[in-house]
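Data block for protein-v2.pdb (PDB, C-alpha atoms):
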```
ATOM      1  CA  MET W 106     -23.609 -25.063  17.335
ATOM      2  CA  ARG W 107     -21.664 -27.871  15.692
ATOM      3  CA  ASP W 108     -24.882 -29.774  14.976
ATOM      4  CA  GLN W 109     -26.374 -26.695  13.322
ATOM      5  CA  TRP W 110     -23.247 -26.300  11.210
ATOM      6  CA  LEU W 111     -23.404 -29.933  10.063
ATOM      7  CA  ARG W 112     -27.051 -29.493   9.032
ATOM      8  CA  LEU W 113     -26.040 -26.891   6.457
ATOM      9  CA  PRO W 114     -25.746 -28.029   2.825
ATOM     10  CA  PRO W 115     -22.198 -29.075   1.831
ATOM     11  CA  LEU W 116     -21.887 -26.101  -0.537
ATOM     12  CA  ALA W 117     -22.715 -23.659   2.271
ATOM     13  CA  ARG W 118     -20.179 -25.297   4.601
ATOM     14  CA  ALA W 119     -17.578 -25.026   1.857
ATOM     15  CA  LEU W 120     -18.254 -21.385   1.037
ATOM     16  CA  LEU W 121     -19.036 -19.716   4.352
ATOM     17  CA  PRO W 122     -15.604 -19.707   6.115
ATOM     18  CA  GLY W 123     -13.753 -18.059   3.256
ATOM     19  CA  LEU W 124     -16.575 -15.695   2.371
ATOM     20  CA  ILE W 125     -16.838 -14.499   5.970
ATOM     21  CA  VAL W 126     -13.106 -13.745   6.088
ATOM     22  CA  ALA W 127     -13.287 -11.980   2.726
ATOM     23  CA  ALA W 128     -16.371  -9.979   3.705
ATOM     24  CA  VAL W 129     -14.950  -8.788   7.043
ATOM     25  CA  SER W 130     -11.662  -7.722   5.474
ATOM     26  CA  ALA W 131     -13.450  -6.021   2.562
ATOM     27  CA  VAL W 132     -15.586  -3.986   4.969
ATOM     28  CA  ALA W 133     -12.475  -2.982   6.938
ATOM     29  CA  PHE W 134     -10.701  -1.960   3.726
ATOM     30  CA  LEU W 135     -13.657   0.105   2.544
ATOM     31  CA  GLU W 136     -13.826   1.838   5.928
ATOM     32  CA  LEU W 137     -10.145   2.742   5.660
ATOM     33  CA  MET W 138     -10.637   3.935   2.107
ATOM     34  CA  ASP W 139     -13.525   6.115   3.225
ATOM     35  CA  VAL W 140     -11.571   7.783   6.035
ATOM     36  CA  VAL W 141      -8.659   8.401   3.651
ATOM     37  CA  VAL W 142     -10.896   9.955   1.003
ATOM     38  CA  GLU W 143     -12.816  12.004   3.573
ATOM     39  CA  GLN W 144      -9.679  12.819   5.623
ATOM     40  CA  ASP W 145     -11.594  11.750   8.710
ATOM     41  CA  GLU W 146     -11.102   9.890  12.026
ATOM     42  CA  PHE W 147      -7.574   8.625  12.600
ATOM     43  CA  VAL W 148      -6.090   9.924   9.335
ATOM     44  CA  PRO W 149      -4.759  12.926  11.353
ATOM     45  CA  TRP W 150      -2.446  10.380  13.013
ATOM     46  CA  ASP W 151      -0.759   9.602   9.709
ATOM     47  CA  GLU W 152       1.434  12.668   9.256
ATOM     48  CA  PRO W 153       2.596  13.017  12.908
ATOM     49  CA  LEU W 154       3.511   9.320  13.050
ATOM     50  CA  ILE W 155       5.601   9.498   9.878
ATOM     51  CA  ALA W 156       7.297  12.663  11.131
ATOM     52  CA  TRP W 157       8.090  10.994  14.467
ATOM     53  CA  PHE W 158       9.771   8.065  12.729
ATOM     54  CA  ALA W 159      11.765  10.435  10.513
ATOM     55  CA  ASP W 160      12.995  12.347  13.568
ATOM     56  CA  HIS W 161      14.112   9.188  15.371
ATOM     57  CA  ARG W 162      15.949   7.275  12.647
ATOM     58  CA  VAL W 163      19.355   5.798  13.421
ATOM     59  CA  ALA W 164      21.770   4.527  10.804
ATOM     60  CA  TRP W 165      21.918   0.834  11.774
ATOM     61  CA  LEU W 166      18.140   0.516  12.137
ATOM     62  CA  THR W 167      17.570   2.275   8.829
ATOM     63  CA  THR W 168      19.842  -0.301   7.183
ATOM     64  CA  VAL W 169      17.899  -3.179   8.749
ATOM     65  CA  MET W 170      14.571  -1.666   7.755
ATOM     66  CA  THR W 171      15.793  -1.102   4.195
ATOM     67  CA  VAL W 172      16.870  -4.741   3.851
ATOM     68  CA  ILE W 173      13.502  -5.994   5.124
ATOM     69  CA  THR W 174      11.508  -3.696   2.871
ATOM     70  CA  THR W 175      13.644  -4.719  -0.124
ATOM     71  CA  VAL W 176      12.998  -8.421   0.503
ATOM     72  CA  PHE W 177       9.247  -7.794   0.462
ATOM     73  CA  GLY W 178       9.425  -5.416  -2.499
ATOM     74  CA  PRO W 179       8.175  -5.847  -6.075
ATOM     75  CA  ILE W 180      11.477  -7.269  -7.359
ATOM     76  CA  VAL W 181      12.781  -9.666  -4.719
ATOM     77  CA  LEU W 182       9.501 -11.047  -3.358
ATOM     78  CA  PRO W 183       8.148 -12.400  -6.693
ATOM     79  CA  ILE W 184      11.465 -14.190  -7.247
ATOM     80  CA  LEU W 185      11.344 -15.726  -3.770
ATOM     81  CA  VAL W 186       7.729 -16.798  -4.247
ATOM     82  CA  ALA W 187       8.488 -18.360  -7.647
ATOM     83  CA  VAL W 188      11.484 -20.287  -6.290
ATOM     84  CA  GLY W 189       9.562 -21.325  -3.184
ATOM     85  CA  ALA W 190       6.571 -22.484  -5.229
ATOM     86  CA  GLY W 191       8.828 -24.530  -7.491
ATOM     87  CA  PHE W 192      10.498 -26.158  -4.495
ATOM     88  CA  TRP W 193       7.077 -26.811  -2.916
ATOM     89  CA  ARG W 194       5.921 -28.500  -6.126
ATOM     90  CA  TRP W 195       9.030 -30.669  -6.178
ATOM     91  CA  ARG W 196       8.699 -31.696  -2.529
ATOM     92  CA  SER W 197       4.950 -32.320  -2.564
ATOM     93  CA  GLY W 198       4.560 -33.702  -6.070
ATOM     94  CA  SER W 199       1.461 -31.529  -6.539
ATOM     95  CA  TRP W 200       0.892 -28.153  -8.150
ATOM     96  CA  ARG W 201      -2.277 -27.381  -6.176
ATOM     97  CA  ASP W 202      -0.881 -25.572  -3.127
ATOM     98  CA  PRO W 203       1.944 -23.774  -4.966
ATOM     99  CA  ALA W 204      -0.543 -22.657  -7.622
ATOM    100  CA  LEU W 205      -2.936 -21.344  -4.960
ATOM    101  CA  LEU W 206      -0.104 -19.356  -3.387
ATOM    102  CA  VAL W 207       1.115 -17.889  -6.678
ATOM    103  CA  GLY W 208      -2.446 -17.114  -7.721
ATOM    104  CA  ALA W 209      -3.076 -15.385  -4.400
ATOM    105  CA  MET W 210       0.018 -13.214  -4.813
ATOM    106  CA  ILE W 211      -1.084 -12.197  -8.311
ATOM    107  CA  VAL W 212      -4.656 -11.420  -7.229
ATOM    108  CA  SER W 213      -3.590  -9.333  -4.227
ATOM    109  CA  THR W 214      -1.119  -7.403  -6.391
ATOM    110  CA  VAL W 215      -3.806  -6.627  -8.979
ATOM    111  CA  ILE W 216      -6.231  -5.480  -6.257
ATOM    112  CA  THR W 217      -3.557  -3.236  -4.767
ATOM    113  CA  GLN W 218      -2.622  -1.645  -8.077
ATOM    114  CA  VAL W 219      -6.260  -1.008  -9.011
ATOM    115  CA  ALA W 220      -6.914   0.544  -5.599
ATOM    116  CA  LYS W 221      -3.817   2.744  -5.904
ATOM    117  CA  MET W 222      -4.993   4.113  -9.229
ATOM    118  CA  ALA W 223      -8.586   4.538  -8.039
ATOM    119  CA  ILE W 224      -7.706   6.432  -4.829
ATOM    120  CA  GLY W 225      -4.660   8.283  -6.143
ATOM    121  CA  ARG W 226      -3.284   9.121  -2.702
ATOM    122  CA  ALA W 227       0.076  10.876  -2.760
ATOM    123  CA  ARG W 228       3.061   9.501  -0.884
ATOM    124  CA  PRO W 229       4.264  11.172   2.309
ATOM    125  CA  SER W 230       6.341  14.282   1.740
ATOM    126  CA  GLU W 231       9.856  13.670   0.416
ATOM    127  CA  GLU W 232      11.127  15.484   3.503
ATOM    128  CA  VAL W 233      10.298  12.427   5.624
ATOM    129  CA  GLN W 234      11.381   9.758   3.131
ATOM    130  CA  ALA W 235      14.629   7.932   3.815
ATOM    131  CA  VAL W 236      15.482   8.165   0.114
ATOM    132  CA  PRO W 237      13.483  11.075  -1.351
ATOM    133  CA  GLY W 238      11.734  10.257  -4.604
ATOM    134  CA  LEU W 239      12.522   6.528  -4.488
ATOM    135  CA  GLU W 240       8.847   5.531  -4.415
ATOM    136  CA  THR W 241       6.818   7.057  -7.251
ATOM    137  CA  SER W 242       3.553   5.081  -7.251
ATOM    138  CA  PHE W 243       0.465   6.070  -5.291
ATOM    139  CA  SER W 244       0.420   5.398  -1.576
ATOM    140  CA  PHE W 245      -2.882   3.667  -0.686
ATOM    141  CA  PRO W 246      -2.710   0.748   0.001
ATOM    142  CA  SER W 247       0.831  -0.410   0.804
ATOM    143  CA  GLY W 248       1.956  -2.982  -1.761
ATOM    144  CA  HIS W 249       4.761  -4.261   0.472
ATOM    145  CA  THR W 250       2.358  -4.904   3.336
ATOM    146  CA  THR W 251      -0.125  -6.537   0.967
ATOM    147  CA  GLY W 252       2.559  -8.877  -0.329
ATOM    148  CA  ALA W 253       3.786  -9.801   3.148
ATOM    149  CA  ALA W 254       0.247 -10.365   4.439
ATOM    150  CA  THR W 255      -0.757 -12.496   1.458
ATOM    151  CA  LEU W 256       2.407 -14.574   1.665
ATOM    152  CA  VAL W 257       2.264 -15.449   5.356
ATOM    153  CA  LEU W 258      -1.520 -15.793   5.615
ATOM    154  CA  VAL W 259      -1.994 -17.995   2.553
ATOM    155  CA  THR W 260       1.123 -20.092   3.144
ATOM    156  CA  GLY W 261       0.166 -20.573   6.777
ATOM    157  CA  TYR W 262      -3.360 -21.629   5.864
ATOM    158  CA  LEU W 263      -2.174 -24.153   3.284
ATOM    159  CA  LEU W 264       0.268 -25.681   5.773
ATOM    160  CA  TRP W 265      -2.244 -25.682   8.638
ATOM    161  CA  ARG W 266      -5.237 -27.151   6.837
ATOM    162  CA  GLY W 267      -3.464 -30.485   6.396
ATOM    163  CA  GLU W 268      -2.976 -31.069  10.132
ATOM    164  CA  ARG W 269      -5.693 -28.891  11.716
ATOM    165  CA  SER W 270      -3.382 -28.583  14.710
ATOM    166  CA  ARG W 271      -4.199 -25.911  17.296
ATOM    167  CA  HIS W 272      -0.449 -25.609  17.952
ATOM    168  CA  VAL W 273       0.224 -24.880  14.270
ATOM    169  CA  LEU W 274      -2.704 -22.449  14.213
ATOM    170  CA  TRP W 275      -1.291 -20.378  17.078
ATOM    171  CA  TRP W 276       2.180 -20.282  15.545
ATOM    172  CA  TRP W 277       0.680 -19.289  12.199
ATOM    173  CA  ALA W 278      -1.274 -16.464  13.827
ATOM    174  CA  LEU W 279       1.771 -15.235  15.757
ATOM    175  CA  ALA W 280       4.080 -15.400  12.740
ATOM    176  CA  SER W 281       1.524 -13.568  10.605
ATOM    177  CA  VAL W 282       1.138 -10.721  13.093
ATOM    178  CA  VAL W 283       4.920 -10.392  13.512
ATOM    179  CA  VAL W 284       5.778 -10.457   9.793
ATOM    180  CA  ILE W 285       2.963  -8.153   8.715
ATOM    181  CA  GLY W 286       3.699  -5.793  11.599
ATOM    182  CA  ILE W 287       7.420  -5.624  10.866
ATOM    183  CA  VAL W 288       6.970  -5.042   7.131
ATOM    184  CA  GLY W 289       4.334  -2.383   7.777
ATOM    185  CA  LEU W 290       6.636  -0.754  10.317
ATOM    186  CA  THR W 291       9.470  -0.571   7.799
ATOM    187  CA  ARG W 292       7.243   1.288   5.352
ATOM    188  CA  MET W 293       6.304   3.898   7.955
ATOM    189  CA  TYR W 294       9.774   4.114   9.459
ATOM    190  CA  LEU W 295      11.310   4.781   6.037
ATOM    191  CA  GLY W 296       8.636   7.382   5.309
ATOM    192  CA  TYR W 297       7.090   5.704   2.269
ATOM    193  CA  HIS W 298       3.618   4.934   3.647
ATOM    194  CA  PHE W 299       1.079   6.137   6.177
ATOM    195  CA  LEU W 300      -0.494   3.999   8.886
ATOM    196  CA  THR W 301      -3.749   3.823   6.935
ATOM    197  CA  ASP W 302      -1.857   2.557   3.860
ATOM    198  CA  VAL W 303      -0.289  -0.228   5.887
ATOM    199  CA  ALA W 304      -3.570  -1.224   7.548
ATOM    200  CA  ALA W 305      -5.300  -1.315   4.153
ATOM    201  CA  GLY W 306      -2.535  -3.530   2.744
ATOM    202  CA  ALA W 307      -3.083  -6.016   5.574
ATOM    203  CA  CYS W 308      -6.822  -5.997   4.758
ATOM    204  CA  VAL W 309      -6.097  -6.860   1.116
ATOM    205  CA  GLY W 310      -3.934  -9.775   2.242
ATOM    206  CA  LEU W 311      -6.696 -11.017   4.548
ATOM    207  CA  PHE W 312      -9.285 -10.621   1.778
ATOM    208  CA  THR W 313      -7.107 -12.710  -0.524
ATOM    209  CA  LEU W 314      -6.845 -15.374   2.166
ATOM    210  CA  GLY W 315     -10.645 -15.522   2.222
ATOM    211  CA  LEU W 316     -10.679 -16.081  -1.545
ATOM    212  CA  VAL W 317      -8.078 -18.855  -1.275
ATOM    213  CA  VAL W 318     -10.008 -20.603   1.504
ATOM    214  CA  THR W 319     -13.158 -20.458  -0.630
ATOM    215  CA  VAL W 320     -11.483 -21.804  -3.762
ATOM    216  CA  ASP W 321      -9.594 -24.479  -1.825
ATOM    217  CA  ARG W 322     -12.729 -25.780  -0.112
ATOM    218  CA  LEU W 323     -14.705 -25.748  -3.351
ATOM    219  CA  MET W 324     -11.984 -27.823  -4.996
ATOM    220  CA  ASP W 325     -12.251 -30.352  -2.181
ATOM    221  CA  LEU W 326     -16.037 -30.431  -2.486
ATOM    222  CA  LYS W 327     -15.789 -31.035  -6.223
ATOM    223  CA  ARG W 328     -13.467 -33.991  -5.599
ATOM    224  CA  GLY W 329     -15.818 -35.438  -2.991
ATOM    225  CA  LEU W 330     -13.482 -34.612  -0.091
ATOM    226  CA  PRO W 331     -14.371 -32.846   3.176
ATOM    227  CA  PRO W 332     -13.840 -29.069   2.648
ATOM    228  CA  GLY W 333     -10.319 -28.078   3.645
ATOM    229  CA  ALA W 334      -8.935 -31.608   3.428
ATOM    230  CA  GLN W 335      -5.287 -32.166   2.576
ATOM    231  CA  PRO W 336      -5.075 -33.004  -1.144
ATOM    232  CA  ALA W 337      -3.486 -36.301  -2.030
TER     233      ALA W 337
END
```

Rewrite the structure from the file as C-alpha coordinates, please.
Amino acid sequence: MRDQWLRLPPLARALLPGLIVAAVSAVAFLELMDVVVEQDEFVPWDEPLIAWFADHRVAWLTTVMTVITTVFGPIVLPILVAVGAGFWRWRSGSWRDPALLVGAMIVSTVITQVAKMAIGRARPSEEVQAVPGLETSFSFPSGHTTGAATLVLVTGYLLWRGERSRHVLWWWALASVVVIGIVGLTRMYLGYHFLTDVAAGACVGLFTLGLVVTVDRLMDLKRGLPPGAQPA
(Lines of atoms letter the chains of each structure in order from A and count residues from 1; the text may use other names and numbers.)
(Lines give C-alpha, C1' and ligand atoms only; values in the text may rest on other atoms or scores of the structure.)
Protein backbone atom coordinates (compact mmCIF):
# COMPACT_ATOMS: atom_id res chain seq x y z
CA MET A 1 0.00 0.00 0.00
CA ARG A 2 2.80 2.39 0.90
CA ASP A 3 4.62 1.59 -2.35
CA GLN A 4 1.47 2.33 -4.34
CA TRP A 5 1.08 5.63 -2.51
CA LEU A 6 4.67 6.64 -3.27
CA ARG A 7 4.14 5.89 -6.98
CA LEU A 8 1.49 8.60 -7.17
CA PRO A 9 2.53 11.98 -8.60
CA PRO A 10 3.61 14.50 -5.93
CA LEU A 11 0.58 16.70 -6.64
CA ALA A 12 -1.80 13.79 -6.03
CA ARG A 13 -0.05 12.90 -2.76
CA ALA A 14 -0.34 16.52 -1.69
CA LEU A 15 -4.02 16.89 -2.56
CA LEU A 16 -5.61 13.55 -1.69
CA PRO A 17 -5.51 13.55 2.16
CA GLY A 18 -7.20 16.91 2.56
CA LEU A 19 -9.64 16.38 -0.29
CA ILE A 20 -10.74 13.03 1.15
CA VAL A 21 -11.42 14.62 4.55
CA ALA A 22 -13.28 17.50 2.91
CA ALA A 23 -15.31 15.19 0.67
CA VAL A 24 -16.38 12.85 3.49
CA SER A 25 -17.43 15.73 5.73
CA ALA A 26 -19.24 17.48 2.86
CA VAL A 27 -21.25 14.33 2.12
CA ALA A 28 -22.14 13.98 5.81
CA PHE A 29 -23.22 17.64 5.95
CA LEU A 30 -25.37 17.31 2.85
CA GLU A 31 -27.01 14.19 4.29
CA LEU A 32 -27.85 16.09 7.47
CA MET A 33 -29.15 19.01 5.45
CA ASP A 34 -31.36 16.67 3.45
CA VAL A 35 -32.91 15.03 6.52
CA VAL A 36 -33.54 18.47 8.04
CA VAL A 37 -35.20 19.78 4.89
CA GLU A 38 -37.22 16.59 4.41
CA GLN A 39 -37.92 16.18 8.16
CA ASP A 40 -36.80 12.58 7.83
CA GLU A 41 -34.84 9.88 9.73
CA PHE A 42 -33.50 11.00 13.09
CA VAL A 43 -34.86 14.56 12.96
CA PRO A 44 -37.78 13.33 15.15
CA TRP A 45 -35.14 12.95 17.89
CA ASP A 46 -34.42 16.67 17.86
CA GLU A 47 -37.46 18.02 19.70
CA PRO A 48 -37.69 15.30 22.40
CA LEU A 49 -33.97 15.65 23.18
CA ILE A 50 -34.20 19.42 23.59
CA ALA A 51 -37.29 19.03 25.77
CA TRP A 52 -35.52 16.45 27.94
CA PHE A 53 -32.61 18.81 28.56
CA ALA A 54 -35.00 21.65 29.39
CA ASP A 55 -36.80 19.47 31.94
CA HIS A 56 -33.58 18.42 33.66
CA ARG A 57 -31.70 21.71 34.00
CA VAL A 58 -30.14 22.60 37.34
CA ALA A 59 -28.90 26.05 38.26
CA TRP A 60 -25.18 25.31 38.72
CA LEU A 61 -24.92 23.27 35.52
CA THR A 62 -26.78 25.93 33.55
CA THR A 63 -24.21 28.47 34.75
CA VAL A 64 -21.33 26.23 33.65
CA MET A 65 -22.93 25.58 30.28
CA THR A 66 -23.57 29.29 29.76
CA VAL A 67 -19.92 30.15 30.46
CA ILE A 68 -18.69 27.50 28.01
CA THR A 69 -21.09 28.56 25.27
CA THR A 70 -20.11 32.21 25.78
CA VAL A 71 -16.40 31.42 25.38
CA PHE A 72 -17.10 29.73 22.04
CA GLY A 73 -19.56 32.41 20.92
CA PRO A 74 -19.25 35.03 18.17
CA ILE A 75 -17.80 37.70 20.48
CA VAL A 76 -15.31 35.98 22.77
CA LEU A 77 -13.95 33.30 20.43
CA PRO A 78 -12.71 35.67 17.67
CA ILE A 79 -10.88 37.70 20.32
CA LEU A 80 -9.25 34.58 21.75
CA VAL A 81 -8.26 33.37 18.28
CA ALA A 82 -6.78 36.77 17.36
CA VAL A 83 -4.76 36.96 20.59
CA GLY A 84 -3.67 33.33 20.27
CA ALA A 85 -2.63 33.81 16.64
CA GLY A 86 -0.60 36.88 17.56
CA PHE A 87 1.14 35.00 20.36
CA TRP A 88 1.77 32.05 18.02
CA ARG A 89 3.35 34.40 15.48
CA TRP A 90 5.58 35.90 18.16
CA ARG A 91 6.70 32.52 19.50
CA SER A 92 7.25 30.85 16.13
CA GLY A 93 8.53 33.81 14.14
CA SER A 94 6.28 32.78 11.23
CA TRP A 95 2.86 33.90 10.09
CA ARG A 96 2.08 30.69 8.19
CA ASP A 97 0.38 28.58 10.88
CA PRO A 98 -1.42 31.48 12.61
CA ALA A 99 -2.65 32.69 9.22
CA LEU A 100 -3.94 29.21 8.34
CA LEU A 101 -5.83 29.07 11.63
CA VAL A 102 -7.36 32.53 11.26
CA GLY A 103 -8.23 31.82 7.64
CA ALA A 104 -9.88 28.55 8.64
CA MET A 105 -12.00 30.30 11.27
CA ILE A 106 -13.13 32.89 8.73
CA VAL A 107 -13.95 30.29 6.06
CA SER A 108 -15.93 28.07 8.44
CA THR A 109 -17.87 31.09 9.71
CA VAL A 110 -18.77 32.16 6.16
CA ILE A 111 -19.89 28.61 5.28
CA THR A 112 -22.04 28.47 8.40
CA GLN A 113 -23.70 31.82 7.77
CA VAL A 114 -24.43 30.98 4.13
CA ALA A 115 -25.90 27.62 5.15
CA LYS A 116 -28.05 29.27 7.83
CA MET A 117 -29.53 31.67 5.30
CA ALA A 118 -29.99 28.97 2.66
CA ILE A 119 -31.78 26.48 4.96
CA GLY A 120 -33.61 29.01 7.13
CA ARG A 121 -34.33 26.56 9.95
CA ALA A 122 -36.02 28.12 12.96
CA ARG A 123 -34.54 27.84 16.43
CA PRO A 124 -36.10 25.52 19.00
CA SER A 125 -39.19 26.92 20.68
CA GLU A 126 -38.54 29.71 23.19
CA GLU A 127 -40.25 27.52 25.78
CA VAL A 128 -37.15 25.30 25.92
CA GLN A 129 -34.53 28.06 25.67
CA ALA A 130 -32.63 28.96 28.82
CA VAL A 131 -32.94 32.64 27.90
CA PRO A 132 -35.93 32.98 25.54
CA GLY A 133 -35.23 35.09 22.47
CA LEU A 134 -31.49 35.41 23.12
CA GLU A 135 -30.56 33.68 19.85
CA THR A 136 -32.20 35.25 16.80
CA SER A 137 -30.29 33.79 13.84
CA PHE A 138 -31.28 30.63 12.01
CA SER A 139 -30.51 27.31 13.65
CA PHE A 140 -28.82 25.04 11.06
CA PRO A 141 -25.88 24.55 11.44
CA SER A 142 -24.63 25.47 14.93
CA GLY A 143 -22.11 28.31 14.68
CA HIS A 144 -20.72 27.62 18.16
CA THR A 145 -20.04 23.99 17.31
CA THR A 146 -18.52 24.99 13.97
CA GLY A 147 -16.17 27.40 15.70
CA ALA A 148 -15.12 24.88 18.35
CA ALA A 149 -14.59 22.13 15.77
CA THR A 150 -12.56 24.36 13.46
CA LEU A 151 -10.42 25.65 16.31
CA VAL A 152 -9.45 22.31 17.84
CA LEU A 153 -9.17 20.36 14.58
CA VAL A 154 -7.06 22.90 12.70
CA THR A 155 -4.89 23.83 15.68
CA GLY A 156 -4.33 20.17 16.47
CA TYR A 157 -3.36 19.39 12.89
CA LEU A 158 -0.89 22.27 12.69
CA LEU A 159 0.75 21.19 15.95
CA TRP A 160 0.78 17.50 15.02
CA ARG A 161 2.15 17.76 11.50
CA GLY A 162 5.50 19.01 12.78
CA GLU A 163 6.19 15.92 14.90
CA ARG A 164 4.01 13.23 13.27
CA SER A 165 3.83 11.62 16.70
CA ARG A 166 1.21 8.90 17.23
CA HIS A 167 1.00 10.03 20.87
CA VAL A 168 0.18 13.60 19.81
CA LEU A 169 -2.30 12.28 17.25
CA TRP A 170 -4.27 10.34 19.87
CA TRP A 171 -4.34 13.28 22.27
CA TRP A 172 -5.45 15.56 19.44
CA ALA A 173 -8.27 13.18 18.52
CA LEU A 174 -9.39 12.83 22.15
CA ALA A 175 -9.26 16.57 22.82
CA SER A 176 -11.20 17.28 19.63
CA VAL A 177 -13.98 14.84 20.50
CA VAL A 178 -14.23 16.19 24.07
CA VAL A 179 -14.25 19.89 23.13
CA ILE A 180 -16.64 19.53 20.20
CA GLY A 181 -18.90 17.26 22.24
CA ILE A 182 -19.02 19.61 25.22
CA VAL A 183 -19.71 22.72 23.14
CA GLY A 184 -22.40 20.90 21.16
CA LEU A 185 -23.92 19.66 24.42
CA THR A 186 -24.12 23.19 25.80
CA ARG A 187 -26.08 24.32 22.75
CA MET A 188 -28.64 21.54 23.18
CA TYR A 189 -28.75 21.78 26.96
CA LEU A 190 -29.48 25.52 26.79
CA GLY A 191 -32.15 24.90 24.15
CA TYR A 192 -30.58 26.93 21.34
CA HIS A 193 -29.84 24.13 18.86
CA PHE A 194 -31.02 20.70 17.79
CA LEU A 195 -28.84 17.61 17.56
CA THR A 196 -28.78 17.86 13.77
CA ASP A 197 -27.56 21.48 14.02
CA VAL A 198 -24.70 20.44 16.25
CA ALA A 199 -23.72 17.48 14.06
CA ALA A 200 -23.75 19.71 10.97
CA GLY A 201 -21.52 22.26 12.73
CA ALA A 202 -18.97 19.53 13.46
CA CYS A 203 -19.08 18.55 9.76
CA VAL A 204 -18.31 22.14 8.72
CA GLY A 205 -15.32 22.17 11.07
CA LEU A 206 -14.07 18.87 9.63
CA PHE A 207 -14.59 20.15 6.07
CA THR A 208 -12.52 23.22 6.90
CA LEU A 209 -9.78 20.99 8.28
CA GLY A 210 -9.70 19.21 4.92
CA LEU A 211 -9.25 22.56 3.16
CA VAL A 212 -6.42 23.55 5.52
CA VAL A 213 -4.63 20.22 5.01
CA THR A 214 -4.90 20.68 1.24
CA VAL A 215 -3.60 24.25 1.27
CA ASP A 216 -0.84 23.43 3.75
CA ARG A 217 0.45 20.50 1.71
CA LEU A 218 0.29 22.48 -1.53
CA MET A 219 2.37 25.22 0.08
CA ASP A 220 4.97 22.63 1.06
CA LEU A 221 4.97 21.17 -2.45
CA LYS A 222 5.47 24.62 -3.95
CA ARG A 223 8.49 25.17 -1.69
CA GLY A 224 9.96 21.80 -2.63
CA LEU A 225 9.26 20.27 0.79
CA PRO A 226 7.57 16.93 1.54
CA PRO A 227 3.79 17.59 1.88
CA GLY A 228 2.89 18.29 5.50
CA ALA A 229 6.44 19.17 6.53
CA GLN A 230 7.04 21.60 9.37
CA PRO A 231 7.78 25.02 7.84
CA ALA A 232 11.08 26.59 8.75

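The closest residue to Ala190 (chain W), picked from W:Ile173, W:Ala127, W:Ala235, W:Leu256 and counting all atoms listed in the file, is W:Leu256.
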
Practice task
Pick out the closest residue to Leu154 (chain W) from this set: W:Trp275, W:Trp265, W:Phe299, W:Phe192. Count all atoms listed in the file.
Solution key: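 Smallest distance to Leu154 (chain W) is found for W:Phe299.
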
Problem - Option closest in space to Val309 (chain W), from W:Gly252, W:Gly296, W:Gly267, W:Gly289 [counting all atoms listed in the file] - result: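 Among the listed residues, the smallest separation from Val309 (chain W) belongs to W:Gly252.
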
Handout entry: Test item: the PyMOL selection byres ((chain W and resi 212) around 12) resolved as a list of chain:residue names
Key = W:Ala204, W:Leu205, W:Leu206, W:Val207, W:Gly208, W:Ala209, W:Met210, W:Ile211, W:Ser213, W:Thr214, W:Val215, W:Ile216, W:Thr217, W:Gln218, W:Val219, W:Thr251, W:Gly252, W:Thr255, W:Leu256, W:Val309, W:Gly310, W:Leu311, W:Phe312, W:Thr313, W:Leu314, W:Gly315, W:Leu316, W:Val317

Practice task
Can you work out the spacing between CA of Leu274 (chain W) and CA of Leu116 (chain W) in Å, to one decimal?
Solution key: 24.5 Å

Problem - Nearest candidate to Thr260 (chain W) (options W:Ala278, W:Leu121, W:Val283, W:Val181; using all atoms listed in the file) - result: W:Ala278

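Each of W:Gly238, W:Gly198, W:Gly178, W:Gly261 was checked against Thr291 (chain W) using all atoms listed in the file; the smallest atom-to-atom distance is that of W:Gly178.
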
Handout entry: Nearest-residue call for Val140 (chain W), choices W:Tyr297, W:Thr171, W:Cys308, W:Asp302, using all atoms listed in the file
Key = W:Asp302

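As for CA of Glu232 (chain W) and CA of Trp150 (chain W), they are spaced 17.3 Å apart.
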
Practice task
Identify, on the basis of only C-alpha atoms, every residue whose closest approach to Ala280 (chain W) does not exceed 8 Å; exclude the query and any residue fewer than 4 positions from it along the same chain; express the result as a list in words.
Solution key: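 Answer for this query is Val257, Trp276 and Val284 of chain W.
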
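Take CA of Phe243 (chain W) and CA of Trp165 (chain W): the distance between them is 27.9 Å.
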
Problem - Spatial neighbours of Glu231 (chain W), max dist 12 Å, all atoms listed in the file, sep filter under 5 positions, as a list in words - result: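 Contacts, in chain order: Ile155, Ala156, Ala159, Val236, Pro237, Gly238, Leu239, Glu240, Thr241, Leu295, Gly296, Tyr297 and His298 of chain W.
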